[in-house]
file structure_0.pdb (PDB, C-alpha atoms, pLDDT in the B column)
ATOM      1  CA  MET A 784    -252.782  38.849  62.088  1.00 85.00           C
ATOM      2  CA  ALA A 785    -252.022  38.302  58.415  1.00 94.00           C
ATOM      3  CA  VAL A 786    -248.229  38.206  58.791  1.00 96.00           C
ATOM      4  CA  VAL A 787    -246.161  38.020  61.977  1.00 97.00           C
ATOM      5  CA  VAL A 788    -242.369  37.950  62.136  1.00 97.00           C
ATOM      6  CA  ASP A 789    -240.901  37.427  65.597  1.00 97.00           C
ATOM      7  CA  ASP A 790    -237.200  37.708  66.528  1.00 97.00           C
ATOM      8  CA  LEU A 791    -236.040  36.725  63.034  1.00 97.00           C
ATOM      9  CA  HIS A 792    -232.339  36.085  62.527  1.00 97.00           C
ATOM     10  CA  LYS A 793    -230.558  35.291  59.270  1.00 97.00           C
ATOM     11  CA  SER A 794    -226.865  34.675  58.744  1.00 96.00           C
ATOM     12  CA  PHE A 795    -224.903  33.917  55.606  1.00 95.00           C
ATOM     13  CA  GLY A 796    -221.886  32.119  57.025  1.00 94.00           C
ATOM     14  CA  PRO A 797    -220.289  34.462  59.568  1.00 95.00           C
ATOM     15  CA  LEU A 798    -222.272  37.475  58.310  1.00 95.00           C
ATOM     16  CA  GLU A 799    -225.386  38.184  60.375  1.00 96.00           C
ATOM     17  CA  VAL A 800    -227.778  40.007  58.042  1.00 97.00           C
ATOM     18  CA  LEU A 801    -230.879  40.021  60.270  1.00 98.00           C
ATOM     19  CA  LYS A 802    -230.359  40.539  63.986  1.00 98.00           C
ATOM     20  CA  GLY A 803    -233.697  39.747  65.596  1.00 97.00           C
ATOM     21  CA  VAL A 804    -236.338  41.657  63.624  1.00 98.00           C
ATOM     22  CA  SER A 805    -240.044  41.561  64.428  1.00 97.00           C
ATOM     23  CA  LEU A 806    -243.073  42.971  62.617  1.00 95.00           C
ATOM     24  CA  ARG A 807    -246.799  42.518  62.470  1.00 96.00           C
ATOM     25  CA  ALA A 808    -249.228  43.188  59.639  1.00 97.00           C
ATOM     26  CA  CYS A 809    -252.935  42.954  60.416  1.00 95.00           C
ATOM     27  CA  GLU A 810    -255.430  42.223  57.671  1.00 96.00           C
ATOM     28  CA  GLY A 811    -255.707  45.263  55.422  1.00 96.00           C
ATOM     29  CA  ASP A 812    -252.493  46.850  56.701  1.00 97.00           C
ATOM     30  CA  VAL A 813    -249.953  48.421  54.366  1.00 98.00           C
ATOM     31  CA  VAL A 814    -246.509  48.194  55.938  1.00 98.00           C
ATOM     32  CA  ALA A 815    -243.670  50.014  54.140  1.00 98.00           C
ATOM     33  CA  ILE A 816    -240.060  49.103  54.875  1.00 98.00           C
ATOM     34  CA  ILE A 817    -237.315  51.594  54.064  1.00 97.00           C
ATOM     35  CA  GLY A 818    -233.589  51.751  54.678  1.00 96.00           C
ATOM     36  CA  GLY A 819    -230.235  51.901  52.975  1.00 94.00           C
ATOM     37  CA  SER A 820    -228.666  49.252  50.779  1.00 92.00           C
ATOM     38  CA  GLY A 821    -227.549  46.250  52.806  1.00 92.00           C
ATOM     39  CA  SER A 822    -229.837  46.983  55.751  1.00 96.00           C
ATOM     40  CA  GLY A 823    -231.579  43.602  55.444  1.00 96.00           C
ATOM     41  CA  LYS A 824    -234.927  44.744  54.005  1.00 97.00           C
ATOM     42  CA  SER A 825    -235.122  42.325  51.087  1.00 96.00           C
ATOM     43  CA  THR A 826    -233.652  39.466  53.097  1.00 97.00           C
ATOM     44  CA  MET A 827    -236.407  39.848  55.685  1.00 97.00           C
ATOM     45  CA  LEU A 828    -239.068  39.815  52.976  1.00 96.00           C
ATOM     46  CA  ARG A 829    -237.564  36.730  51.335  1.00 96.00           C
ATOM     47  CA  CYS A 830    -237.449  34.930  54.685  1.00 96.00           C
ATOM     48  CA  ILE A 831    -241.181  35.450  55.204  1.00 96.00           C
ATOM     49  CA  ASN A 832    -241.979  33.027  52.374  1.00 92.00           C
ATOM     50  CA  PHE A 833    -238.766  31.003  52.784  1.00 93.00           C
ATOM     51  CA  LEU A 834    -237.062  32.046  49.578  1.00 94.00           C
ATOM     52  CA  GLU A 835    -234.287  32.431  52.124  1.00 95.00           C
ATOM     53  CA  THR A 836    -234.159  30.008  55.035  1.00 95.00           C
ATOM     54  CA  PRO A 837    -234.189  31.845  58.361  1.00 96.00           C
ATOM     55  CA  THR A 838    -231.495  30.995  60.865  1.00 96.00           C
ATOM     56  CA  SER A 839    -233.966  31.297  63.749  1.00 95.00           C
ATOM     57  CA  GLY A 840    -237.157  33.046  64.789  1.00 96.00           C
ATOM     58  CA  LYS A 841    -240.883  32.639  64.167  1.00 95.00           C
ATOM     59  CA  ILE A 842    -242.963  33.328  61.075  1.00 96.00           C
ATOM     60  CA  ILE A 843    -246.753  33.196  61.358  1.00 96.00           C
ATOM     61  CA  ILE A 844    -248.959  33.471  58.269  1.00 96.00           C
ATOM     62  CA  GLY A 845    -252.705  33.881  58.643  1.00 94.00           C
ATOM     63  CA  GLY A 846    -252.492  32.852  62.305  1.00 94.00           C
ATOM     64  CA  GLU A 847    -250.563  29.636  61.566  1.00 95.00           C
ATOM     65  CA  GLU A 848    -246.918  29.345  62.584  1.00 96.00           C
ATOM     66  CA  VAL A 849    -244.538  27.865  60.026  1.00 96.00           C
ATOM     67  CA  GLY A 850    -242.995  24.772  61.571  1.00 96.00           C
ATOM     68  CA  MET A 851    -239.203  25.084  61.659  1.00 95.00           C
ATOM     69  CA  HIS A 852    -236.310  22.883  62.693  1.00 93.00           C
ATOM     70  CA  ALA A 853    -233.727  24.276  65.106  1.00 89.00           C
ATOM     71  CA  ASP A 854    -231.600  25.463  62.160  1.00 86.00           C
ATOM     72  CA  GLY A 855    -234.533  27.339  60.599  1.00 88.00           C
ATOM     73  CA  ARG A 856    -235.376  24.845  57.862  1.00 90.00           C
ATOM     74  CA  PRO A 857    -239.100  24.259  57.357  1.00 93.00           C
ATOM     75  CA  ALA A 858    -240.316  21.213  59.246  1.00 95.00           C
ATOM     76  CA  SER A 859    -243.015  20.381  56.708  1.00 96.00           C
ATOM     77  CA  ARG A 860    -242.645  21.126  53.023  1.00 93.00           C
ATOM     78  CA  LYS A 861    -246.352  20.421  52.585  1.00 93.00           C
ATOM     79  CA  GLN A 862    -247.330  23.007  55.204  1.00 96.00           C
ATOM     80  CA  LEU A 863    -244.906  25.553  53.752  1.00 93.00           C
ATOM     81  CA  GLU A 864    -246.269  25.171  50.224  1.00 91.00           C
ATOM     82  CA  ARG A 865    -249.824  25.558  51.517  1.00 92.00           C
ATOM     83  CA  LEU A 866    -248.999  28.713  53.457  1.00 93.00           C
ATOM     84  CA  ARG A 867    -246.985  30.119  50.560  1.00 91.00           C
ATOM     85  CA  GLN A 868    -250.118  30.033  48.432  1.00 90.00           C
ATOM     86  CA  SER A 869    -251.600  32.727  50.682  1.00 93.00           C
ATOM     87  CA  LEU A 870    -248.653  35.058  49.971  1.00 95.00           C
ATOM     88  CA  GLY A 871    -248.194  36.767  46.622  1.00 95.00           C
ATOM     89  CA  MET A 872    -244.727  38.135  45.906  1.00 95.00           C
ATOM     90  CA  VAL A 873    -243.548  40.709  43.385  1.00 96.00           C
ATOM     91  CA  PHE A 874    -239.821  41.130  42.813  1.00 93.00           C
ATOM     92  CA  GLN A 875    -237.525  43.862  41.519  1.00 90.00           C
ATOM     93  CA  SER A 876    -237.138  41.923  38.275  1.00 89.00           C
ATOM     94  CA  PHE A 877    -240.378  40.887  36.635  1.00 86.00           C
ATOM     95  CA  ASN A 878    -239.634  37.135  36.573  1.00 88.00           C
ATOM     96  CA  LEU A 879    -242.163  36.458  33.826  1.00 95.00           C
ATOM     97  CA  TRP A 880    -241.652  33.381  31.681  1.00 95.00           C
ATOM     98  CA  THR A 881    -240.429  34.850  28.416  1.00 94.00           C
ATOM     99  CA  HIS A 882    -241.583  31.887  26.292  1.00 96.00           C
ATOM    100  CA  LYS A 883    -245.189  32.267  27.453  1.00 97.00           C
ATOM    101  CA  THR A 884    -247.753  34.958  26.683  1.00 97.00           C
ATOM    102  CA  VAL A 885    -249.074  37.119  29.500  1.00 98.00           C
ATOM    103  CA  ILE A 886    -252.230  35.056  29.914  1.00 97.00           C
ATOM    104  CA  GLU A 887    -250.166  31.847  29.915  1.00 97.00           C
ATOM    105  CA  ASN A 888    -247.954  33.338  32.641  1.00 97.00           C
ATOM    106  CA  LEU A 889    -251.011  34.067  34.762  1.00 97.00           C
ATOM    107  CA  ILE A 890    -252.678  30.659  34.480  1.00 97.00           C
ATOM    108  CA  GLU A 891    -249.554  28.478  34.775  1.00 95.00           C
ATOM    109  CA  VAL A 892    -249.541  28.001  38.554  1.00 92.00           C
ATOM    110  CA  PRO A 893    -253.319  27.978  39.137  1.00 94.00           C
ATOM    111  CA  VAL A 894    -253.789  25.276  36.481  1.00 95.00           C
ATOM    112  CA  HIS A 895    -250.683  23.115  36.916  1.00 91.00           C
ATOM    113  CA  VAL A 896    -250.045  23.513  40.663  1.00 86.00           C
ATOM    114  CA  LEU A 897    -253.428  24.289  42.217  1.00 87.00           C
ATOM    115  CA  GLY A 898    -255.513  22.245  39.794  1.00 92.00           C
ATOM    116  CA  VAL A 899    -257.853  25.084  38.847  1.00 93.00           C
ATOM    117  CA  PRO A 900    -259.821  24.239  35.666  1.00 96.00           C
ATOM    118  CA  LYS A 901    -258.243  26.040  32.720  1.00 96.00           C
ATOM    119  CA  ALA A 902    -261.381  27.923  31.709  1.00 96.00           C
ATOM    120  CA  GLU A 903    -261.827  29.187  35.268  1.00 96.00           C
ATOM    121  CA  ALA A 904    -258.167  30.223  35.471  1.00 96.00           C
ATOM    122  CA  ILE A 905    -258.393  32.108  32.171  1.00 97.00           C
ATOM    123  CA  ALA A 906    -261.542  33.940  33.279  1.00 97.00           C
ATOM    124  CA  ARG A 907    -259.877  34.958  36.544  1.00 96.00           C
ATOM    125  CA  ALA A 908    -256.710  36.017  34.705  1.00 97.00           C
ATOM    126  CA  GLN A 909    -258.671  38.176  32.265  1.00 97.00           C
ATOM    127  CA  LYS A 910    -260.383  39.984  35.155  1.00 96.00           C
ATOM    128  CA  LEU A 911    -257.029  40.622  36.814  1.00 97.00           C
ATOM    129  CA  LEU A 912    -255.471  41.918  33.607  1.00 97.00           C
ATOM    130  CA  ALA A 913    -258.361  44.369  33.320  1.00 96.00           C
ATOM    131  CA  ARG A 914    -257.759  45.347  36.934  1.00 95.00           C
ATOM    132  CA  VAL A 915    -254.124  46.292  36.195  1.00 96.00           C
ATOM    133  CA  GLY A 916    -254.937  47.896  32.835  1.00 96.00           C
ATOM    134  CA  LEU A 917    -253.531  45.174  30.580  1.00 97.00           C
ATOM    135  CA  SER A 918    -256.583  43.603  28.949  1.00 96.00           C
ATOM    136  CA  GLU A 919    -255.156  44.192  25.475  1.00 97.00           C
ATOM    137  CA  LYS A 920    -251.859  42.459  26.359  1.00 97.00           C
ATOM    138  CA  ALA A 921    -253.239  39.004  27.192  1.00 97.00           C
ATOM    139  CA  ASP A 922    -251.730  37.304  24.126  1.00 97.00           C
ATOM    140  CA  VAL A 923    -248.507  39.329  24.007  1.00 98.00           C
ATOM    141  CA  TYR A 924    -245.086  37.963  24.988  1.00 97.00           C
ATOM    142  CA  PRO A 925    -243.191  39.849  27.730  1.00 97.00           C
ATOM    143  CA  ALA A 926    -240.401  40.899  25.352  1.00 95.00           C
ATOM    144  CA  PHE A 927    -242.889  43.124  23.513  1.00 97.00           C
ATOM    145  CA  MET A 928    -243.990  44.987  26.648  1.00 97.00           C
ATOM    146  CA  SER A 929    -242.509  47.893  28.570  1.00 95.00           C
ATOM    147  CA  GLY A 930    -241.007  47.355  31.998  1.00 95.00           C
ATOM    148  CA  GLY A 931    -244.016  48.946  33.643  1.00 96.00           C
ATOM    149  CA  GLN A 932    -246.389  46.669  31.748  1.00 97.00           C
ATOM    150  CA  GLN A 933    -244.325  43.602  32.670  1.00 97.00           C
ATOM    151  CA  GLN A 934    -244.374  44.534  36.350  1.00 96.00           C
ATOM    152  CA  ARG A 935    -248.135  45.079  36.253  1.00 97.00           C
ATOM    153  CA  ALA A 936    -248.444  41.632  34.654  1.00 97.00           C
ATOM    154  CA  ALA A 937    -246.276  40.230  37.458  1.00 97.00           C
ATOM    155  CA  ILE A 938    -248.626  41.775  40.026  1.00 97.00           C
ATOM    156  CA  ALA A 939    -251.620  40.231  38.223  1.00 97.00           C
ATOM    157  CA  ARG A 940    -249.859  36.858  38.184  1.00 96.00           C
ATOM    158  CA  ALA A 941    -249.330  37.044  41.961  1.00 96.00           C
ATOM    159  CA  LEU A 942    -253.001  37.973  42.439  1.00 96.00           C
ATOM    160  CA  CYS A 943    -254.073  34.899  40.438  1.00 93.00           C
ATOM    161  CA  MET A 944    -253.211  32.843  43.518  1.00 90.00           C
ATOM    162  CA  GLU A 945    -255.864  34.832  45.426  1.00 91.00           C
ATOM    163  CA  PRO A 946    -253.369  35.620  48.189  1.00 94.00           C
ATOM    164  CA  LYS A 947    -254.289  36.930  51.612  1.00 93.00           C
ATOM    165  CA  ALA A 948    -251.241  39.209  51.615  1.00 96.00           C
ATOM    166  CA  MET A 949    -248.831  40.623  49.042  1.00 97.00           C
ATOM    167  CA  LEU A 950    -245.080  41.055  49.488  1.00 98.00           C
ATOM    168  CA  PHE A 951    -243.395  43.665  47.286  1.00 98.00           C
ATOM    169  CA  ASP A 952    -239.590  43.768  47.028  1.00 97.00           C
ATOM    170  CA  GLU A 953    -238.776  47.189  45.549  1.00 95.00           C
ATOM    171  CA  PRO A 954    -241.145  46.607  42.610  1.00 95.00           C
ATOM    172  CA  THR A 955    -240.272  49.891  40.870  1.00 95.00           C
ATOM    173  CA  SER A 956    -236.479  49.863  41.249  1.00 92.00           C
ATOM    174  CA  ALA A 957    -235.829  48.325  37.805  1.00 89.00           C
ATOM    175  CA  LEU A 958    -238.194  50.695  35.982  1.00 93.00           C
ATOM    176  CA  ASP A 959    -237.527  53.835  33.999  1.00 91.00           C
ATOM    177  CA  PRO A 960    -238.876  56.881  35.881  1.00 90.00           C
ATOM    178  CA  GLU A 961    -241.813  57.409  33.533  1.00 90.00           C
ATOM    179  CA  MET A 962    -243.062  53.856  34.234  1.00 94.00           C
ATOM    180  CA  VAL A 963    -242.919  54.014  38.038  1.00 95.00           C
ATOM    181  CA  GLY A 964    -246.282  55.767  38.376  1.00 95.00           C
ATOM    182  CA  GLU A 965    -248.286  53.124  36.522  1.00 95.00           C
ATOM    183  CA  VAL A 966    -247.053  50.406  38.902  1.00 96.00           C
ATOM    184  CA  LEU A 967    -247.579  52.551  42.000  1.00 96.00           C
ATOM    185  CA  ASP A 968    -251.130  53.297  40.817  1.00 96.00           C
ATOM    186  CA  VAL A 969    -251.902  49.572  40.841  1.00 97.00           C
ATOM    187  CA  MET A 970    -250.398  49.210  44.326  1.00 97.00           C
ATOM    188  CA  VAL A 971    -252.440  52.155  45.604  1.00 96.00           C
ATOM    189  CA  LYS A 972    -255.629  50.556  44.241  1.00 96.00           C
ATOM    190  CA  LEU A 973    -254.773  47.281  45.978  1.00 96.00           C
ATOM    191  CA  ALA A 974    -254.280  49.150  49.245  1.00 96.00           C
ATOM    192  CA  GLU A 975    -257.623  50.937  48.796  1.00 96.00           C
ATOM    193  CA  GLU A 976    -259.306  47.579  48.202  1.00 95.00           C
ATOM    194  CA  GLY A 977    -257.996  46.306  51.546  1.00 96.00           C
ATOM    195  CA  MET A 978    -255.163  44.039  50.422  1.00 97.00           C
ATOM    196  CA  THR A 979    -252.622  43.356  53.158  1.00 97.00           C
ATOM    197  CA  MET A 980    -249.256  44.531  51.818  1.00 98.00           C
ATOM    198  CA  VAL A 981    -245.680  44.443  53.097  1.00 98.00           C
ATOM    199  CA  CYS A 982    -243.587  46.600  50.780  1.00 98.00           C
ATOM    200  CA  VAL A 983    -239.854  47.151  50.652  1.00 97.00           C
ATOM    201  CA  THR A 984    -239.672  50.410  48.750  1.00 96.00           C
ATOM    202  CA  HIS A 985    -237.564  53.450  47.974  1.00 92.00           C
ATOM    203  CA  GLU A 986    -240.629  55.370  46.770  1.00 95.00           C
ATOM    204  CA  MET A 987    -240.947  57.782  49.673  1.00 95.00           C
ATOM    205  CA  GLY A 988    -244.187  59.359  48.416  1.00 95.00           C
ATOM    206  CA  PHE A 989    -245.870  55.949  48.439  1.00 95.00           C
ATOM    207  CA  ALA A 990    -244.449  55.111  51.857  1.00 96.00           C
ATOM    208  CA  ARG A 991    -245.609  58.413  53.301  1.00 95.00           C
ATOM    209  CA  THR A 992    -249.117  58.622  51.870  1.00 95.00           C
ATOM    210  CA  VAL A 993    -250.256  54.998  51.457  1.00 96.00           C
ATOM    211  CA  ALA A 994    -248.610  53.026  54.265  1.00 97.00           C
ATOM    212  CA  ASP A 995    -250.352  52.571  57.618  1.00 97.00           C
ATOM    213  CA  ARG A 996    -247.020  51.849  59.277  1.00 97.00           C
ATOM    214  CA  LEU A 997    -243.445  52.669  58.324  1.00 98.00           C
ATOM    215  CA  ILE A 998    -240.407  50.614  59.327  1.00 98.00           C
ATOM    216  CA  PHE A 999    -236.829  51.860  59.048  1.00 98.00           C
ATOM    217  CA  MET A1000    -234.103  49.210  58.994  1.00 98.00           C
ATOM    218  CA  ASP A1001    -230.409  49.772  59.585  1.00 97.00           C
ATOM    219  CA  GLN A1002    -227.654  47.158  59.786  1.00 96.00           C
ATOM    220  CA  GLY A1003    -230.018  44.218  60.090  1.00 97.00           C
ATOM    221  CA  GLN A1004    -232.282  45.724  62.726  1.00 98.00           C
ATOM    222  CA  ILE A1005    -235.568  47.613  62.884  1.00 98.00           C
ATOM    223  CA  VAL A1006    -234.455  50.806  64.592  1.00 97.00           C
ATOM    224  CA  GLU A1007    -237.604  52.906  64.214  1.00 97.00           C
ATOM    225  CA  MET A1008    -241.244  52.098  63.471  1.00 97.00           C
ATOM    226  CA  GLY A1009    -244.454  54.087  63.548  1.00 97.00           C
ATOM    227  CA  LYS A1010    -246.859  56.259  61.602  1.00 97.00           C
ATOM    228  CA  PRO A1011    -245.256  57.471  58.346  1.00 97.00           C
ATOM    229  CA  GLU A1012    -245.968  61.132  58.982  1.00 96.00           C
ATOM    230  CA  THR A1013    -244.299  60.940  62.388  1.00 96.00           C
ATOM    231  CA  LEU A1014    -241.166  59.251  61.056  1.00 96.00           C
ATOM    232  CA  PHE A1015    -240.891  61.644  58.135  1.00 96.00           C
ATOM    233  CA  THR A1016    -241.424  64.825  60.131  1.00 95.00           C
ATOM    234  CA  ALA A1017    -239.866  63.939  63.499  1.00 95.00           C
ATOM    235  CA  PRO A1018    -237.460  61.005  63.136  1.00 96.00           C
ATOM    236  CA  ARG A1019    -235.863  60.013  66.433  1.00 95.00           C
ATOM    237  CA  HIS A1020    -233.091  57.683  65.278  1.00 95.00           C
ATOM    238  CA  PRO A1021    -230.013  59.461  63.856  1.00 95.00           C
ATOM    239  CA  GLY A1022    -229.735  56.831  61.116  1.00 94.00           C
ATOM    240  CA  LEU A1023    -233.239  57.633  59.905  1.00 95.00           C
ATOM    241  CA  ARG A1024    -232.550  61.366  60.022  1.00 95.00           C
ATOM    242  CA  GLN A1025    -229.416  60.865  57.923  1.00 94.00           C
ATOM    243  CA  PHE A1026    -231.243  58.565  55.497  1.00 95.00           C
ATOM    244  CA  LEU A1027    -234.060  61.064  54.952  1.00 94.00           C
ATOM    245  CA  ASN A1028    -231.630  63.944  54.538  1.00 92.00           C
ATOM    246  CA  GLN A1029    -229.891  62.031  51.767  1.00 90.00           C
ATOM    247  CA  ILE A1030    -232.983  61.130  49.750  1.00 85.00           C
ATOM    248  CA  LEU A1031    -235.429  63.973  50.339  1.00 78.00           C
TER     249      LEU A1031
END

call {"tool": "encode", "arguments": {"input": "structure_0.pdb", "output": "C-alpha cells"}}
result
Amino acid sequence: MAVVVDDLHKSFGPLEVLKGVSLRACEGDVVAIIGGSGSGKSTMLRCINFLETPTSGKIIIGGEEVGMHADGRPASRKQLERLRQSLGMVFQSFNLWTHKTVIENLIEVPVHVLGVPKAEAIARAQKLLARVGLSEKADVYPAFMSGGQQQRAAIARALCMEPKAMLFDEPTSALDPEMVGEVLDVMVKLAEEGMTMVCVTHEMGFARTVADRLIFMDQGQIVEMGKPETLFTAPRHPGLRQFLNQIL
C-alpha cells in the first residue's frame, strides 16, 4: 500500500472535522475525493503529511506507519521528514517562491535539503519542466507566468522530490476556466504513467474518467466509496445524490 489512513480523527478545539475516516491507495491508484465545502476533504489530505496534526488514528506511508504520540503529534520528527519526502503535494495556491525563477524553485529542496548535487538537480528539473510543457519558462519568475503555468511548475517542483505518491488539494480551483485543462492534462499523464495519486477535486470529469476509486465525504465522514461510474450513475447515499444534482 502506498498510502493508508485508518480511523483518522481531527478536531480544532470543540469542532470535530474528521470523524474516523479511512482510505487506502495502492501503488498506481488514482483516488479522487469529492464533497461539499467543509466536508473535511482538504483537512484529511493535510493530515496525511502532517501539515495538520491528527487528533488520533493511523497513517501509513509506503508500508511504514508514522509514529504518533497519544495526542497525534509525530513521535519522531526525523521519521516524519523522511516519509514526507515520498509524498509530493500540490495546493490550491501555487506556493512558488516569487523571488526565485522556475528552475530555482525546482532545485531548492533537492539541493539544500536532500543534498543532491546542483548539476544533477538542474538536469532533473529541466526534464520535469519538459514533461509539464514548461521548458521555455525555466528562467522566468512566477509573476510573469499564467496561473496554469504556475500550477504546472508547482507540480514539477513536487515531482523533483521523486515522490512515491502525489497529493493534490483542489489544484485547479484557483485557475481561470481556460487554464484548468492544461493542469488536468498533466495530471492525466501522471496517472497514465502509474503515479499513485490522492486528489481532492471538484473537476467531476477528471474524477469520473481518470480515478480508479471515488470517495464522497460529508460532514467529516466518508459516506460512500467505490468505482466512479457506479457512484455517478447509481449513488446510494442521499447526500451524494444531492451533491451530484447540484453540480451536474

call {"tool": "atom_distance", "arguments": {"input": "structure_0.pdb", "atom1": "CA of Ile886 in chain A", "atom2": "CA of Val923 in chain A"}}
result
8.2 Å

call {"tool": "atom_distance", "arguments": {"input": "structure_0.pdb", "atom1": "CA of Phe999 in chain A", "atom2": "CA of Ile817 in chain A"}}
result
5.0 Å

call {"tool": "closest_residue", "arguments": {"input": "structure_0.pdb", "among": "A:Arg914, A:Gln1002, A:Met872, A:His895", "to": "Gly823 in chain A", "atoms": "all atoms listed in the file"}}
result
A:Gln1002

call {"tool": "resolve_selection", "arguments": {"input": "structure_0.pdb", "expression": "the PyMOL selection byres ((chain A and resi 985) around 10)", "output": "mmCIF file with C-alpha atoms, in the coordinates of the input"}}
result
data_model
loop_
_atom_site.group_PDB
_atom_site.id
_atom_site.type_symbol
_atom_site.label_atom_id
_atom_site.label_comp_id
_atom_site.auth_asym_id
_atom_site.auth_seq_id
_atom_site.Cartn_x
_atom_site.Cartn_y
_atom_site.Cartn_z
ATOM 1 C CA ALA A 815 -243.670 50.014 54.140
ATOM 2 C CA ILE A 816 -240.060 49.103 54.875
ATOM 3 C CA ILE A 817 -237.315 51.594 54.064
ATOM 4 C CA GLY A 818 -233.589 51.751 54.678
ATOM 5 C CA GLY A 819 -230.235 51.901 52.975
ATOM 6 C CA ASP A 952 -239.590 43.768 47.028
ATOM 7 C CA GLU A 953 -238.776 47.189 45.549
ATOM 8 C CA PRO A 954 -241.145 46.607 42.610
ATOM 9 C CA THR A 955 -240.272 49.891 40.870
ATOM 10 C CA SER A 956 -236.479 49.863 41.249
ATOM 11 C CA CYS A 982 -243.587 46.600 50.780
ATOM 12 C CA VAL A 983 -239.854 47.151 50.652
ATOM 13 C CA THR A 984 -239.672 50.410 48.750
ATOM 14 C CA GLU A 986 -240.629 55.370 46.770
ATOM 15 C CA MET A 987 -240.947 57.782 49.673
ATOM 16 C CA GLY A 988 -244.187 59.359 48.416
ATOM 17 C CA PHE A 989 -245.870 55.949 48.439
ATOM 18 C CA ALA A 990 -244.449 55.111 51.857
ATOM 19 C CA ILE A 1030 -232.983 61.130 49.750
#

call {"tool": "resolve_selection", "arguments": {"input": "structure_0.pdb", "expression": "the PyMOL selection byres ((chain A and resi 814) around 12)", "output": "mmCIF file with C-alpha atoms, in the coordinates of the input"}}
result
data_model
loop_
_atom_site.group_PDB
_atom_site.id
_atom_site.type_symbol
_atom_site.label_atom_id
_atom_site.label_comp_id
_atom_site.auth_asym_id
_atom_site.auth_seq_id
_atom_site.Cartn_x
_atom_site.Cartn_y
_atom_site.Cartn_z
ATOM 1 C CA ALA A 785 -252.022 38.302 58.415
ATOM 2 C CA VAL A 786 -248.229 38.206 58.791
ATOM 3 C CA VAL A 787 -246.161 38.020 61.977
ATOM 4 C CA LEU A 806 -243.073 42.971 62.617
ATOM 5 C CA ARG A 807 -246.799 42.518 62.470
ATOM 6 C CA ALA A 808 -249.228 43.188 59.639
ATOM 7 C CA CYS A 809 -252.935 42.954 60.416
ATOM 8 C CA GLU A 810 -255.430 42.223 57.671
ATOM 9 C CA GLY A 811 -255.707 45.263 55.422
ATOM 10 C CA ASP A 812 -252.493 46.850 56.701
ATOM 11 C CA VAL A 813 -249.953 48.421 54.366
ATOM 12 C CA ALA A 815 -243.670 50.014 54.140
ATOM 13 C CA ILE A 816 -240.060 49.103 54.875
ATOM 14 C CA ILE A 817 -237.315 51.594 54.064
ATOM 15 C CA LEU A 828 -239.068 39.815 52.976
ATOM 16 C CA ALA A 948 -251.241 39.209 51.615
ATOM 17 C CA MET A 949 -248.831 40.623 49.042
ATOM 18 C CA LEU A 950 -245.080 41.055 49.488
ATOM 19 C CA PHE A 951 -243.395 43.665 47.286
ATOM 20 C CA ALA A 974 -254.280 49.150 49.245
ATOM 21 C CA MET A 978 -255.163 44.039 50.422
ATOM 22 C CA THR A 979 -252.622 43.356 53.158
ATOM 23 C CA MET A 980 -249.256 44.531 51.818
ATOM 24 C CA VAL A 981 -245.680 44.443 53.097
ATOM 25 C CA CYS A 982 -243.587 46.600 50.780
ATOM 26 C CA VAL A 983 -239.854 47.151 50.652
ATOM 27 C CA THR A 984 -239.672 50.410 48.750
ATOM 28 C CA PHE A 989 -245.870 55.949 48.439
ATOM 29 C CA ALA A 990 -244.449 55.111 51.857
ATOM 30 C CA ARG A 991 -245.609 58.413 53.301
ATOM 31 C CA THR A 992 -249.117 58.622 51.870
ATOM 32 C CA VAL A 993 -250.256 54.998 51.457
ATOM 33 C CA ALA A 994 -248.610 53.026 54.265
ATOM 34 C CA ASP A 995 -250.352 52.571 57.618
ATOM 35 C CA ARG A 996 -247.020 51.849 59.277
ATOM 36 C CA LEU A 997 -243.445 52.669 58.324
ATOM 37 C CA ILE A 998 -240.407 50.614 59.327
ATOM 38 C CA PHE A 999 -236.829 51.860 59.048
ATOM 39 C CA MET A 1008 -241.244 52.098 63.471
ATOM 40 C CA GLY A 1009 -244.454 54.087 63.548
ATOM 41 C CA LYS A 1010 -246.859 56.259 61.602
ATOM 42 C CA PRO A 1011 -245.256 57.471 58.346
#

call {"tool": "axis_aligned_box", "arguments": {"input": "structure_0.pdb", "around": "range 827-839 of chain A", "padding_each_side": "5 Å", "output": "JSON"}}
result
{"center_x": -236.7, "center_y": 34.9, "center_z": 56.7, "size_x": 20.5, "size_y": 19.8, "size_z": 24.2}

call {"tool": "closest_residue", "arguments": {"input": "structure_0.pdb", "among": "A:Glu848, A:Asp1001, A:Glu965, A:Glu887", "to": "Gln862 in chain A", "atoms": "all atoms listed in the file"}}
result
A:Glu848

call {"tool": "resolve_selection", "arguments": {"input": "structure_0.pdb", "expression": "the PyMOL selection byres ((chain A and resi 936) around 12)", "output": "number ranges by chain"}}
result
A: 873-874, 876-880, 884-890, 908-909, 911-925, 928-935, 937-943, 954, 965-966, 969

call {"tool": "residues_around", "arguments": {"input": "structure_0.pdb", "residues": "range 853-861 of chain A", "least_positions_apart": "4", "cutoff": "10 Å", "atoms": "all atoms listed in the file", "output": "compact mmCIF listing (two decimals) with C-alpha atoms, in the coordinates of the input"}}
result
# COMPACT_ATOMS: atom_id res chain seq x y z
CA LEU A 791 -236.04 36.72 63.03
CA HIS A 792 -232.34 36.08 62.53
CA LYS A 793 -230.56 35.29 59.27
CA PHE A 833 -238.77 31.00 52.78
CA GLU A 835 -234.29 32.43 52.12
CA THR A 836 -234.16 30.01 55.04
CA PRO A 837 -234.19 31.84 58.36
CA THR A 838 -231.50 31.00 60.86
CA SER A 839 -233.97 31.30 63.75
CA GLY A 840 -237.16 33.05 64.79
CA LYS A 841 -240.88 32.64 64.17
CA VAL A 849 -244.54 27.86 60.03
CA ARG A 865 -249.82 25.56 51.52
CA LEU A 866 -249.00 28.71 53.46
CA ARG A 867 -246.98 30.12 50.56
